[in-house]
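Down below is the structure, laid out as C-alpha cells.
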Amino acid sequence: MGYLTTDKKKITVKTILAMKGSGEKISQLTAYDYTTACILDEAGVDSILVGDSASNVMSGNMFTLPITIEEIIYHARAVAKGSKHSLVVCDMPFGSYQISKEEGVRNAIRIMKETGVDALKLEGGVEIIDTVKGIIAAGIPVEGHLGLTPQSVNKFGGYALRAKEEAEAEKLISDAKCLDDAGVFAITLEKVPAALAARVTKEVKAATIGIGAGNATDGQVLVYADALGMSDKFKPKFLRHFANMKQCMIDGVHEYIKCVKDSSFPSEAESY
Ligand code: KIV
C-alpha cells in the first residue's frame, strides 16, 4: 500500500486503519520543513508527524514545552505543502488543549485551517478525553499519545521507561481503551515495555505507533534527524541510525570549503 515510491495515492486515516487490519506495518517519521517533507514523501513514508520535537530539533530547546501554536503552524504548513502522499499529523503544543475543551477545539480548528495537515496528535488519556471527543466531533482525526508523554516531563522527572509497574500499566490500558472508544485512529506508545504495547495493540481498534515500545505495535515512529543519524549526541537503546547524515553533510561541507579555497568552484561552466 504505502511503501512504493511509484504509488502516489494519498494515505488517509482509513488507509492507516486498513493497514492495521491487513497487518501491514505503518511507517511514520517526523519532519518540520518543506524540503525534508518532500524527501520523506518521495521515499514513500506512510505518515509524517510534525512533532513538537521541533522544539528540540529545530530550536535547540531541552524540552518540547516551549513550542507555541504559531511556531507549530509555521512548521506544519511547510510540511503539508511538501507531502502529496503521506498522511500528515501535527502535534498540538503544550498549553493549547489542556485548559478547556472549548480552547482545545478552537486551537485544533485553527491548526487545521492554517496548515493543511490531515490530523492532530494530543498527549494524554482520560484527563483530556472530552477535548479529544470535541475535536473528533469537529471532523478532525486524532492520534493519541500514551506512555512517555514528553509534555509531562516535569511530572515524570525525566525520560525513563514508563508503565513498568502494574498500576501504571493498568492506567495506560484503560487510557488506550478510553481513547479508542472516543474514536482516535491511532495511538502513539512511547517508551513502554514491549509486552504492554503488544497487549494494547491487540485490545484497541486504533493503530498503535510505537517508539521504544517493541516490535508488536502496528507501526513505528522516529524523529527523522535521529533515524538518519544527523546527530550522535542522542542514542537511547530504542534508536537505530538508518543513515549517517551527519558524516555525509560534513563530507559535503569539507568538499565545498576545499573547492572554494582552491578556486575550483565555481568553474567556467558554473559561471555566466
Ligand atoms: O514530537 C515528536 O516527535 C513525537 C514523537 C517522538 C512520537 O511526539
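Numbering starts fresh at 1 for the residues of each chain in the C-alpha cells, the chains themselves are lettered A, B, ... in the order given, and ligands are numbered from 1 as they appear.
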Exercise: Ser55 of chain A partners within 8 Å, only C-alpha atoms, chain neighbours under 6 positions left out, as a VMD selection string: chain A and resid 61 to 67
Could you please take those selected residues and save all heavy atoms as an mmCIF file, in the first residue's frame?
```cif
data_model
loop_
_atom_site.group_PDB
_atom_site.id
_atom_site.type_symbol
_atom_site.label_atom_id
_atom_site.label_comp_id
_atom_site.auth_asym_id
_atom_site.auth_seq_id
_atom_site.Cartn_x
_atom_site.Cartn_y
_atom_site.Cartn_z
ATOM 1 N N ASN A 61 15.884 23.636 21.961
ATOM 2 C CA ASN A 61 15.412 23.637 23.348
ATOM 3 C C ASN A 61 15.634 22.269 23.990
ATOM 4 O O ASN A 61 15.691 21.250 23.308
ATOM 5 C CB ASN A 61 13.913 23.971 23.405
ATOM 6 C CG ASN A 61 13.626 25.385 22.956
ATOM 7 O OD1 ASN A 61 14.355 26.310 23.302
ATOM 8 N ND2 ASN A 61 12.572 25.571 22.165
ATOM 9 N N MET A 62 15.717 22.247 25.325
ATOM 10 C CA MET A 62 15.870 20.992 26.067
ATOM 11 C C MET A 62 14.582 20.179 26.021
ATOM 12 O O MET A 62 14.591 18.962 26.064
ATOM 13 C CB MET A 62 16.147 21.306 27.551
ATOM 14 C CG MET A 62 17.547 21.751 27.844
ATOM 15 S SD MET A 62 18.525 20.329 28.290
ATOM 16 C CE MET A 62 17.920 19.982 29.942
ATOM 17 N N PHE A 63 13.432 20.892 26.002
ATOM 18 C CA PHE A 63 12.134 20.230 26.156
ATOM 19 C C PHE A 63 11.202 20.609 25.004
ATOM 20 O O PHE A 63 11.463 21.563 24.272
ATOM 21 C CB PHE A 63 11.491 20.629 27.497
ATOM 22 C CG PHE A 63 12.353 20.306 28.684
ATOM 23 C CD1 PHE A 63 12.912 21.316 29.460
ATOM 24 C CD2 PHE A 63 12.622 18.981 29.012
ATOM 25 C CE1 PHE A 63 13.718 21.013 30.542
ATOM 26 C CE2 PHE A 63 13.428 18.675 30.104
ATOM 27 C CZ PHE A 63 13.980 19.688 30.873
ATOM 28 N N THR A 64 10.063 19.899 24.947
ATOM 29 C CA THR A 64 9.062 20.226 23.925
ATOM 30 C C THR A 64 8.120 21.337 24.403
ATOM 31 O O THR A 64 7.377 21.900 23.600
ATOM 32 C CB THR A 64 8.216 18.983 23.561
ATOM 33 O OG1 THR A 64 7.577 18.494 24.744
ATOM 34 C CG2 THR A 64 9.061 17.882 22.948
ATOM 35 N N LEU A 65 8.161 21.625 25.683
ATOM 36 C CA LEU A 65 7.170 22.559 26.252
ATOM 37 C C LEU A 65 7.163 23.969 25.649
ATOM 38 O O LEU A 65 6.090 24.573 25.545
ATOM 39 C CB LEU A 65 7.349 22.656 27.772
ATOM 40 C CG LEU A 65 6.734 21.520 28.594
ATOM 41 C CD1 LEU A 65 7.543 20.237 28.499
ATOM 42 C CD2 LEU A 65 6.563 21.920 30.033
ATOM 43 N N PRO A 66 8.308 24.540 25.264
ATOM 44 C CA PRO A 66 8.254 25.950 24.810
ATOM 45 C C PRO A 66 7.571 26.195 23.467
ATOM 46 O O PRO A 66 7.182 27.325 23.201
ATOM 47 C CB PRO A 66 9.733 26.343 24.689
ATOM 48 C CG PRO A 66 10.508 25.312 25.422
ATOM 49 C CD PRO A 66 9.688 24.062 25.377
ATOM 50 N N ILE A 67 7.410 25.185 22.631
ATOM 51 C CA ILE A 67 6.920 25.485 21.268
ATOM 52 C C ILE A 67 5.492 26.065 21.329
ATOM 53 O O ILE A 67 4.649 25.608 22.104
ATOM 54 C CB ILE A 67 7.007 24.238 20.343
ATOM 55 C CG1 ILE A 67 6.896 24.668 18.873
ATOM 56 C CG2 ILE A 67 5.958 23.196 20.682
ATOM 57 C CD1 ILE A 67 7.391 23.627 17.888
#
```
With only C-alpha atoms as the counted atoms, please give the residues lying no more than 12 Å from Ala206 of chain A, apart from itself and same-chain residues fewer than 2 positions off, as JSON, numbers by chain. {"A": [13, 14, 15, 16, 17, 18, 19, 20, 21, 141, 142, 143, 144, 145, 176, 177, 178, 179, 180, 181, 182, 183, 184, 185, 186, 187, 188, 189, 200, 201, 202, 203, 204, 208, 209, 217, 218, 219]}
DSSP-assigned strand (DSSP E or B) members of segment 7-237 of chain A, reported as a ChimeraX atom specification: /A:26-30,47-50,87-91,119-121,124,142-147,186-190,207-211,219-222
I'd like to know which residues of segment 73-221 of chain A are alpha helix (DSSP H) (by DSSP, run on the backbone); could you write them as number ranges by chain? A: 73-82, 101-115, 129-137, 153-156, 166-182, 194-203
Which of these residues is nearest to ligand 1, using only C-alpha atoms and all ligand atoms: A:Asn107, A:Asn154, A:Thr149, A:Thr35? A:Thr149
Excluding segment 82-93 of chain A and any residue of its chain fewer than 2 positions from it, enumerate the residues within 6 Å of it, using only C-alpha atoms, and give them as a count of residues only. 25
Distance in Å - atom CA of Gly139 of chain A versus atom CA of Thr115 of chain A: 15.5 Å
Hey, can you check how far atom CA of Met249 of chain A sits from atom CA of Met230 of chain A? 8.5 Å
Which polymer residues have any atom within 9 Å of an atom of Arg240 of chain A, counting only C-alpha atoms, with same-chain residues fewer than 5 positions away left out, as a ChimeraX atom specification? /A:226-229,235
For ligand 1, which of A:Leu239, A:Ala216, A:Ile111, A:Cys248 is the closest residue, counting only C-alpha atoms and all ligand atoms? A:Leu239
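Here the question is which of A:Lys164, A:Lys246, A:Arg106, A:Lys133 gets nearest to Ala195 of chain A using only C-alpha atoms, and that residue is A:Lys164.
Minimum atom-to-atom distance to Val221 of chain A, evaluated using only C-alpha atoms, belongs to A:Lys191 out of A:Lys191, A:Ala163, A:Lys261, A:Arg199.
Atom CA of Gln247 of chain A to atom CA of Val260 of chain A spans 19.9 Å [interatomic distance, one decimal].
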